[in-house]
Every structure is written in structure tokens, then in C-alpha cells.
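Below is one structure, written out as C-alpha cells; comments come after it.
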Amino acid sequence: MNSDAAVLTKKSFLDAPSRSRASADRQNNATCREISRFKRRKLLDHLKGHALSTAVFVTVFALWEIASRTGLVDPMFSSSPSAVVLTGIELISDGTLAKHVLASGKVYVLGVGSAIVLGVPIGVATGWFKWVNRAFSPLISAFYTMPRIALMPVFIIWFGLGTSAKVALVLLSAIFPLIVNMQVAMQNIDEEYKRVGIAYGATQWQLFRTIALPSSVPFLLTGLRLSMGRGMLGVIAAEIFGGAEGLGYLIQYAGATFQIDVVFVGVVVIAGFGVIVDRSLAYFATRVDSWKITSS
Amino acid sequence: MNEILARELEAPAYGPALLFSESESGAGLAEPAAPIAGRRKLPDMMARQYEPPLLAVKDLVITYEHQKTGAQTEAVHCVSLDIEEGEFVTIVGLSGCGKTSFLNAVAGLVKAVSGSITVAGRRVDRPGPDRAVVFQKATLLPWRTVMDNITYGLELRGIPKQQARQKAGRYVDLVQLRGFEHFHPAALSGGMQQRVNLARALVTEPYLLLLDEPFAALDAITRESMQHELLAIWNQTRKTVLMVTHQIDEAVLLSDRVIVFSPRPARIAADIRINLPRPRTGEVRFDPVFEQRTKEVFDVIHQSTGQVVP
């Protein structure tokens with residue numbers, strides 16, 4: 001790996017002065033070949049890493065199963081992987097799980113969606129305009145540090161026990177990472193890039209569009225990732241607090257009635273959903289930020 | 001209004017100094033992009049007649065205020081300088097002597113306390129399309145490809161993408177970046193980035209090209225080849241150039257006149273004409289006149305700093 005890197009830097013050093021187009025192409029091809037070799041090696045490392053994590057995963061669950069079967073732990077309180085799987089199949093086939101997932105999903109999408117729609121512009125405005133920041137930053141700080149669940153009783157009084165109160169809580173949970181990240185993004189725009197824009201006659205709006213927005217993309221992605229996680233917490237918290245449907249309700253109800261395997265089914269579904277959201281966003285991030293990955 | 005705007009940009013602005021101007025008058029009539037709110041109108045370059053010189057700086061004073069103490073520091077003291085069309089003029093001086101402040105004032109990025117700057121008869125108080133700056137650091141926008149970086153200035157003026165790219169194509173060739181248009185800056189070497197920086201300025205076809213220590217951040221070998229490339233580019237474009245550098249040989253190699261600034265606050269210590277034949281190549285370095293002028297500039301710098309020449 002080290003020797004390859006050395007070859008690349010040496011080449012790019014030699015390549016710095018002017019040279020003919022043919023040699024540029026040759027150099028290009030050579031670089032491409034080296035990159036593809038590098039990618040292949042990366043893939044292999046990736047697979048090895050997966051094998052390891054799968055092994056750990058399987059071991060943990062095997063131990064759990066054994067402990068439960070041998071009576072080392074009481075299956076009444078801890079269930080077992082096989083019982084969880086069977087209950088899961090049952091809940092899927094009778095449609096219970098789908099009902100709760102849909103209910104939670106609706107709250108989540110509405111809550112996080114409106115957090116994005118509201119949070120990004122608020123963050124951008126507070127970061128870009130100093131006076132907006134001065135006006136709103138105490139309010140934002142106050143809300144940011146407060147545990148949002150504390151407001152749930154208020155929301156229930158305002159919006160009732162239905163979807164709206166839950167959406168409000170999810171919105172409030174998910175919006176702050178977006179606001180804060182966009183604010184930081186706007187405040188950390190490289191002055192040198194701004195100077196280039198100004199020197200080429202950019203108006204304020206053009207500076208915003210061609211420099212502030214593109215350079216805020218990494219912050220936006222971080223904000224989204226955090227906000228989607230917080231939103232999930234918000235959904236479950238809101239459903240545990242009140243209401244008669246959703247995964248949070250399912251878990252809460254099952255726990256109260258000692259159906260530990262149902263609790264675990266709920267937990268697994270939530271965890272699985274979390275992983276999917278997080279991974280897809282991380283993947284999206286590497287695609288969008290591709291300009292950061294240098295070819296040397 | 002937009003049509004006029006586009007035509008002004010495309011039309012041969014004046015004189016023979018513009019490269020590739022003949023084929024562009026037609027393209028200039030193409031449909032312009034949707035208007036962008038708050039865009040400044042270009043000065044009327046076609047109709048405008050101006051009294052030479054192209055750049056006239058009179059009694060320019062620049063001071064800086066210390067951000068915390070509010071103490072005033074004078075960077076440039078009463079400098080007057082005229083540059084004729086097609087001239088390549090370089091300002092040399094010690095680091096921190098105020099030469100970059102002077103260039104930034106001409107660029108419209110720094111406000112002068114007193115004095116006046118006019119470019120082609122028009123007073124400078126902010127950046128404008130009649131000037132373009134090549135920064136010391138390439139400062140390419142990393143999320144844009146080479147091509148999109150080069151067309152950035154045109155894009156800000158609302159030139160349609162297609163037209164901007166067509167125009168940029170020639171400058172891509174001029175700075176020898178053909179084949180790299182779709183690369184992102186992170187994948188380029190320092191010298192290549194600096195060429196993009198140069199192309200980005202050239203493509204806006206300014207009256208006056210401002211170079212702020214353009215090769216200072218490059219290694220010695222790359223710097224020399226870039227100097228020769230700039231020489232070749234200037235031979236083709238014959239742009240009016242104001243450059244700032246602290247490389248004396250670079251100044252003598254490239255310029256028609258070398259202005260020596262005294263230490264801060266900057267005054268003009270000497271205005272030395274470099275009567276080496278044009279078009280020049282790197283070979284000029286071996287000309288006895290080159291050596292003579294280089295020594296002359298050296299001496300003036302040392303005299304102005306009060307140091308004895310070793």
C-alpha cells in the first residue's frame with residue numbers, strides 16, 4: 001500500500017510541469033489502473049471485516065439461545081432468539097406488525113419531513129444573516145438543550161392523542177441537528193472562496209448560491225443523519241407516552257403484559273430500520289461528496 | 001437589457017489586445033440566461049472611449065485598522081502609477097511592503113483612504129468585469145470540475161452554460177488542460193490548479209489582468225515552467241497585466257516595466273523599463289540585458305531598505 005502511494009506522488013510531482021497530451025493520457029491510464037487495483041484490495045478488506053462481524057453476531061445469538069434453553073436464564077424474562085423469530089413470523093402473518101410499522105412510519109415521515117422543510121431554511125437564515133442569529137439564538141439554545149419529551153403532555157393537550165401530537169414531538173426532536181448544522185455550515189464558509197466570488201463580481205445571492213450552499217452539503221448530510229436518528233427516538237418516545245398504535249406502543253404494551261419476545265420483535269424492527277436509514281444516508285454522502293476523494 | 005449585456009461581453013472590446021475576438025460577435029447575440037436578481041450591469045465597453053492610460057492610479061493611500069486596538073497602519077502612501085494598454089507591469093518589493101494591498105485596491109477588494117483608481121476611464125470602487133484577479137492560492141471551488149471553475153466568472157454574469165463552455169474551451173487549450181476538464185481540483189497538481197486559476201481569469205476577457213504572486217506557492221521547477229507558460233500565453237493574448245511578486249528574476253523575465261516598492265508604507269522607489277525584445281522565451285534569461293536589469297532592481301530594493309549590497 002505504501003509503495004503504491006509513493007509511486008503516485010512521485011508521478012504527480014513529475015507531472016506538474018507542462019507536457020504533451022499523449023503523455024498526459026498515458027499517465028491517466030496508469031493512474032486509473034492503480035486506482036482499480038486499490039479498489040479491489042479495499043473490497044477484499046471489506047469482505048474480511050464482514051466475516052468478522054458476522055461471526056461475532058452469530059456467536060452472541062447462539063450463546064443467548066443456549067443460555068435460554070439450558071435454563072441458565074429464565075426464558076420468561078429474556079426470551080430466546082428462536083422464540084423471537086417465531087413470534088416475528090406470527091406478527092407478520094397476522095398483519096399486526098405491518099399495522100404498527102405503518103403507523104410509526106407515518107409519524108416518522110411526517111415529523112422528519114417537516115423538520116427538514118423547516119429546519120434547513122431556519123438554520124441557513126440564522127447562519128447567513130447575523131441579525132437573525134442574534135434574534136433567535138437564545139430561543140434555539142433553550143430548546144436545543146431541553147429534553148423534548150417534557151413537552152409531550154403539552155402537545156397531547158394541544159393536539160389530542162392522535163398523530164399530530166406525535167408528529168409535533170418528532171419534528172421538535174429532529175429539527176435541531178438540522179438547524180445547528182446548517183448554521184455552523186453558513187458560519188464556516190471559507191473566506192477565500194467568498195473572496196473569489198466577490199472578485200468575480202458575485203452578488204450576495206450569487207455568493208449564497210454558488211459558494212455557501214455547495215460548501216454546506218457535508219454539514220447538511222451530518223445534520224440529516226443526526227436528525228433521522230433523533231426522529232426515530234421521538235417516534236418511539238411519543239408512542240410509548242400515549243396512543244394506541246405504532247411500534248413504541250407495541251413494545252410498551254408487550255412489556256407491560258410480559259410478552260418479552262414481542263418486545264424484542266419491536267426492537268429488532270426499529271434497529272433494522274435505523275441501520276437501513278443510516279447506511280443509505282452514509283452511502284448517499286459518499287456519492288455527493290465524491291469531489292473530496294482525490295485520485296492521488 | 002440582457003441582450004445588450006451579452007453583446008458587451010462578447011464583442012471585441014477594444015484594440016488588438018483581445019485574443020479570439022473576431023469569431024465571437026455572432027455568438028454574443030444568442031439568447032441570454034434568465035435574469036438574476038441584483039446583477040450588476042456591465043459598463044458599456046463597446047461605446048466607451050477612454051483617455052489613455054488604461055490604468056491610472058493617482059495618490060493612492062491605503063491604511064489598515066487593527067481589528068482589536070483600532071490602531072492605524074499605513075500600507076500604501078501616495079502612490080501614482082499609470083499602465084498603458086498591452087503593457088506587462090510588475091510590482092516587486094519585500095514581503096509586507098503593501099504591494100498586495102495596492103493590487104487588491106485596483107481589484108476593488110480593498111477600499112482606499114484617498115486617491116483614485118481608474119480603469120479605462122472608469123473609477124474603481126469595487127470588483128468589476130473590466131478586471132480579473134489570479135490569486136496566489138489557486139482557491140478553486142473544490143466541488144466544481146475544472147471546466148465549471150473556469151466558467152465561474154462567466155456564470156456569475158449570467159452567460160448561458162453552453163456559451164460559456166464554448167468560450168472556455170479555447171482557454172483550456174491555452175493553459176494546456178485539455179483532457180482534464182472533468183477532473184475536480186483535488187485531483188490536480190499545484191501547477192495545474194494554478195493554470196485553472198489563470199484560465200478562470202482569462203476567460204472573462206478583462207481589460208486588466210491582476211496577478212497576485214501567482215507562482216509563489218509552487219515549487220521552483222513548476223514555477224519556472226509556469227513562468228515560461230505565462231510568457232507564451234501573454235505572447236498570444238497581449239493582455240494588459242499588473243503583477244505582484246517578490247521574485248525579481250520573474251519580474252524582469254515577464255515585464256515591460258518593473259516597479260519597485262519601498263518598505264511599508266509603500267512608495268515607488270523605482271520604475272525600471274525592461275527593454276528586452278518581445279516575444280520573449282525562457283532564453284531571455286541568458287541575455288546580458290536581463291542580468292543587468294535584474295541587478296538594477298536588486299540594487300534599488302537594497303537601497304530602499306537601507307541595506308548594503310553584499
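For the C-alpha cells, the naming scheme is as follows: chains receive sequential letters (A, B, ...) according to their order of presentation, residues are indexed from 1 within each chain, and ligands are indexed from 1 in presentation order.
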#### Entry: Test item: residues at most 7 Å from range 170-186 of chain B, only C-alpha atoms, excluding those fewer than 2 positions along its chain, as a ChimeraX atom specification
/A:291-292,294 /B:140,142-147,167-168,188,193,195,199,203,233
### Query
Which chain B residues are at most 8 Å from chain A (counting only C-alpha atoms), as number ranges by chain?
B: 37-40, 107-109, 127-129, 132-133, 139-144, 153, 156-157, 176, 178-179, 184, 186-187, 189-192, 221-222, 225-226
Can you write out the residues you just picked, keeping N, CA and C atoms, as a short mmCIF file (atom, residue, chain, number, x, y, z; two decimals), in the first residue's frame?
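Listed below is the output, part_35.cif:
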data_model
loop_
_atom_site.label_atom_id
_atom_site.label_comp_id
_atom_site.auth_asym_id
_atom_site.auth_seq_id
_atom_site.Cartn_x
_atom_site.Cartn_y
_atom_site.Cartn_z
N ALA B 37 -31.58 38.29 -10.03
CA ALA B 37 -31.89 39.48 -9.25
C ALA B 37 -30.62 40.13 -8.72
N GLY B 38 -30.54 41.42 -8.86
CA GLY B 38 -29.44 42.16 -8.26
C GLY B 38 -28.15 42.11 -9.04
N ARG B 39 -28.17 41.60 -10.26
CA ARG B 39 -26.92 41.53 -11.02
C ARG B 39 -26.53 42.93 -11.48
N ARG B 40 -25.25 43.18 -11.37
CA ARG B 40 -24.80 44.50 -11.81
C ARG B 40 -24.67 44.53 -13.32
N ALA B 107 -8.06 45.84 -7.72
CA ALA B 107 -9.09 44.81 -7.95
C ALA B 107 -10.45 45.24 -7.41
N GLY B 108 -10.43 46.20 -6.50
CA GLY B 108 -11.68 46.65 -5.90
C GLY B 108 -12.04 45.87 -4.65
N LEU B 109 -11.08 45.11 -4.14
CA LEU B 109 -11.34 44.29 -2.96
C LEU B 109 -10.99 45.04 -1.67
N PRO B 127 -15.11 45.31 -7.25
CA PRO B 127 -14.71 44.45 -8.36
C PRO B 127 -15.61 44.64 -9.58
N GLY B 128 -15.04 44.48 -10.74
CA GLY B 128 -15.84 44.66 -11.95
C GLY B 128 -15.32 43.78 -13.07
N PRO B 129 -16.12 43.62 -14.10
CA PRO B 129 -15.74 42.72 -15.20
C PRO B 129 -14.58 43.24 -16.04
N ALA B 132 -9.70 41.16 -13.70
CA ALA B 132 -9.83 39.79 -13.18
C ALA B 132 -8.58 39.48 -12.38
N VAL B 133 -8.76 38.81 -11.26
CA VAL B 133 -7.65 38.53 -10.35
C VAL B 133 -7.25 37.07 -10.41
N THR B 139 -7.29 28.64 -4.96
CA THR B 139 -8.66 28.79 -4.46
C THR B 139 -9.73 28.41 -5.48
N LEU B 140 -9.56 27.22 -6.06
CA LEU B 140 -10.61 26.72 -6.94
C LEU B 140 -11.73 26.19 -6.08
N LEU B 141 -12.95 26.30 -6.55
CA LEU B 141 -14.07 25.78 -5.79
C LEU B 141 -14.05 24.25 -5.90
N PRO B 142 -13.80 23.55 -4.79
CA PRO B 142 -13.48 22.12 -4.87
C PRO B 142 -14.63 21.24 -5.36
N TRP B 143 -15.85 21.75 -5.25
CA TRP B 143 -16.99 20.93 -5.69
C TRP B 143 -17.28 21.11 -7.17
N ARG B 144 -16.54 22.00 -7.84
CA ARG B 144 -16.74 22.21 -9.27
C ARG B 144 -15.62 21.54 -10.04
N GLY B 153 -16.69 32.79 -13.55
CA GLY B 153 -16.88 34.22 -13.73
C GLY B 153 -17.96 34.54 -14.75
N LEU B 156 -21.42 33.89 -13.31
CA LEU B 156 -21.88 34.97 -12.43
C LEU B 156 -22.46 36.13 -13.25
N ARG B 157 -22.01 36.26 -14.48
CA ARG B 157 -22.54 37.33 -15.33
C ARG B 157 -23.79 36.90 -16.08
N GLN B 176 -3.22 24.52 -21.48
CA GLN B 176 -2.86 23.10 -21.63
C GLN B 176 -3.53 22.20 -20.60
N ARG B 178 -6.44 20.52 -21.63
CA ARG B 178 -7.33 19.67 -22.42
C ARG B 178 -7.23 18.23 -21.90
N GLY B 179 -8.39 17.61 -21.67
CA GLY B 179 -8.40 16.26 -21.13
C GLY B 179 -8.63 16.23 -19.63
N HIS B 184 -11.88 17.06 -10.76
CA HIS B 184 -12.09 18.00 -9.67
C HIS B 184 -10.72 18.51 -9.21
N ALA B 186 -9.15 18.68 -6.54
CA ALA B 186 -8.37 17.85 -5.62
C ALA B 186 -7.49 16.85 -6.36
N ALA B 187 -7.87 16.53 -7.59
CA ALA B 187 -7.11 15.55 -8.35
C ALA B 187 -5.98 16.18 -9.17
N SER B 189 -2.45 18.63 -9.73
CA SER B 189 -1.24 19.10 -9.06
C SER B 189 -1.33 20.61 -8.85
N GLY B 190 -0.44 21.14 -8.03
CA GLY B 190 -0.45 22.57 -7.73
C GLY B 190 -0.32 23.43 -8.98
N GLY B 191 0.57 23.02 -9.89
CA GLY B 191 0.77 23.79 -11.11
C GLY B 191 -0.48 23.79 -11.98
N MET B 192 -1.13 22.64 -12.04
CA MET B 192 -2.35 22.55 -12.86
C MET B 192 -3.46 23.38 -12.25
N ILE B 221 10.74 24.24 -9.66
CA ILE B 221 10.72 23.71 -11.04
C ILE B 221 9.40 24.06 -11.72
N THR B 222 8.31 23.82 -11.00
CA THR B 222 6.99 24.14 -11.55
C THR B 222 6.88 25.63 -11.80
N SER B 225 8.53 26.63 -15.07
CA SER B 225 7.80 26.23 -16.28
C SER B 225 6.52 27.06 -16.40
N MET B 226 5.94 27.43 -15.26
CA MET B 226 4.74 28.26 -15.32
C MET B 226 5.08 29.67 -15.82
#
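Counting only C-alpha atoms and comparing B:Arg200, B:Arg267, B:Lys111, B:Lys137, the residue that lies closest to Val124 in chain B is B:Lys111.
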### Query
Counting only C-alpha atoms, which of B:Thr245, B:Thr151, B:Thr90, B:Gln194 gets nearest to Val258 in chain B?
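That would be B:Thr90, the residue with the smallest distance to Val258 in chain B.
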### Message
For Leu253 in chain B, find every residue with an atom within 9 Å (counting only C-alpha atoms), except residues of its own chain fewer than 4 positions away, and show them as a PyMOL selection string.
### Response
chain B and resi 227-228+231+248-249+274+276+280-282+284-285+290+294
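Candidate residues A:Arg69, A:Val109, A:Leu281, A:Gln183 were compared for distance to Val132 in chain A, and the nearest is A:Gln183, using only C-alpha atoms.
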#### Entry: Expected answer as an MDAnalysis selection string: alpha helix (DSSP H) residues in range 191-250 of chain B
chainID B and resid 191:202 220:237 248:250
With C-alpha atoms retained, write the just-selected residues as a PDB file, in the first residue's frame.
ATOM      1  CA  GLY B 191       0.769  23.789 -11.111  1.00  0.00           C
ATOM      2  CA  MET B 192      -2.348  22.547 -12.861  1.00  0.00           C
ATOM      3  CA  GLN B 193      -4.573  24.176 -10.269  1.00  0.00           C
ATOM      4  CA  GLN B 194      -2.776  27.433 -10.836  1.00  0.00           C
ATOM      5  CA  ARG B 195      -3.380  27.108 -14.581  1.00  0.00           C
ATOM      6  CA  VAL B 196      -7.091  26.698 -13.918  1.00  0.00           C
ATOM      7  CA  ASN B 197      -6.893  29.814 -11.759  1.00  0.00           C
ATOM      8  CA  LEU B 198      -5.292  31.655 -14.675  1.00  0.00           C
ATOM      9  CA  ALA B 199      -7.824  30.368 -17.205  1.00  0.00           C
ATOM     10  CA  ARG B 200     -10.670  31.368 -14.901  1.00  0.00           C
ATOM     11  CA  ALA B 201      -9.413  34.945 -15.051  1.00  0.00           C
ATOM     12  CA  LEU B 202      -8.539  34.990 -18.764  1.00  0.00           C
ATOM     13  CA  ALA B 220      10.886  26.023  -8.012  1.00  0.00           C
ATOM     14  CA  ILE B 221      10.722  23.715 -11.037  1.00  0.00           C
ATOM     15  CA  THR B 222       6.993  24.135 -11.546  1.00  0.00           C
ATOM     16  CA  ARG B 223       7.324  27.866 -11.010  1.00  0.00           C
ATOM     17  CA  GLU B 224       9.867  28.203 -13.799  1.00  0.00           C
ATOM     18  CA  SER B 225       7.796  26.235 -16.276  1.00  0.00           C
ATOM     19  CA  MET B 226       4.741  28.264 -15.317  1.00  0.00           C
ATOM     20  CA  GLN B 227       6.666  31.483 -15.929  1.00  0.00           C
ATOM     21  CA  HIS B 228       7.524  30.300 -19.417  1.00  0.00           C
ATOM     22  CA  GLU B 229       3.931  29.295 -19.989  1.00  0.00           C
ATOM     23  CA  LEU B 230       2.690  32.678 -18.865  1.00  0.00           C
ATOM     24  CA  LEU B 231       5.173  34.240 -21.270  1.00  0.00           C
ATOM     25  CA  ALA B 232       3.748  32.138 -24.098  1.00  0.00           C
ATOM     26  CA  ILE B 233       0.186  32.969 -23.091  1.00  0.00           C
ATOM     27  CA  TRP B 234       0.995  36.654 -22.953  1.00  0.00           C
ATOM     28  CA  ASN B 235       2.611  36.451 -26.385  1.00  0.00           C
ATOM     29  CA  GLN B 236      -0.707  35.188 -27.690  1.00  0.00           C
ATOM     30  CA  THR B 237      -3.097  37.402 -25.768  1.00  0.00           C
ATOM     31  CA  ILE B 248      12.982  39.628  -9.074  1.00  0.00           C
ATOM     32  CA  ASP B 249      14.020  37.398 -11.969  1.00  0.00           C
ATOM     33  CA  GLU B 250      10.386  36.545 -12.568  1.00  0.00           C
TER      34      GLU B 250
END
### Task
Give me, please, the distance in Å between CA of Ser114 in chain B and CA of Ser101 in chain B, quoted to one decimal.
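Interatomic distance, CA of Ser114 in chain B to CA of Ser101 in chain B: 13.7 Å.
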### Task
Tell me, as a PyMOL selection string, which residues lie within 10 Å of Val61 in chain B, counting only C-alpha atoms; anything in the same chain fewer than 6 positions away does not count.
chain B and resi 74-80+102+105+111-116+265-267
### Task
Identify which of the residues A:Ile240, A:Leu47, A:Ala125, A:Val117 lies closest to Leu161 in chain A, counting only C-alpha atoms when measuring atom-to-atom distances.
A:Ile240
### Message
Taking 3 positions as the minimum chain separation for residues in the same chain, which residues sit within 12 Å of Phe155 in chain A when counting only C-alpha atoms? Answer as a PyMOL selection string.
### Response
chain A and resi 148-152+158-172+238+241-242
### Query
Quick one: distance from CA of Glu296 in chain B to CA of Val89 in chain B in Å, one decimal?
16.1 Å
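Shortest separation to Arg209 in chain A among B:Thr63, B:Glu155, B:Arg293, B:Gln163 occurs at residue B:Glu155, atoms counted being only C-alpha atoms.
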Taking a cut-off of 12 Å and counting only C-alpha atoms, can you build a table that, for each residue of range 160-249 of chain A near range 80-101 of chain A, reports the nearest atom pair and how far apart they are in Å (one decimal), sorted by chain then residue number, as a Markdown table?
| residue | atom | partner | partner_atom | distance |
| --- | --- | --- | --- | --- |
| A:Val235 | CA | A:Val101 | CA | 11.1 |
| A:Ile236 | CA | A:Val101 | CA | 11.1 |
| A:Glu239 | CA | A:His100 | CA | 10.4 |
| A:Gly243 | CA | A:His100 | CA | 11.4 |
| A:Ala244 | CA | A:His100 | CA | 9.4 |
| A:Glu245 | CA | A:His100 | CA | 5.7 |
| A:Gly246 | CA | A:His100 | CA | 4.0 |
| A:Leu247 | CA | A:His100 | CA | 5.3 |
| A:Gly248 | CA | A:His100 | CA | 8.6 |
| A:Tyr249 | CA | A:His100 | CA | 8.2 |
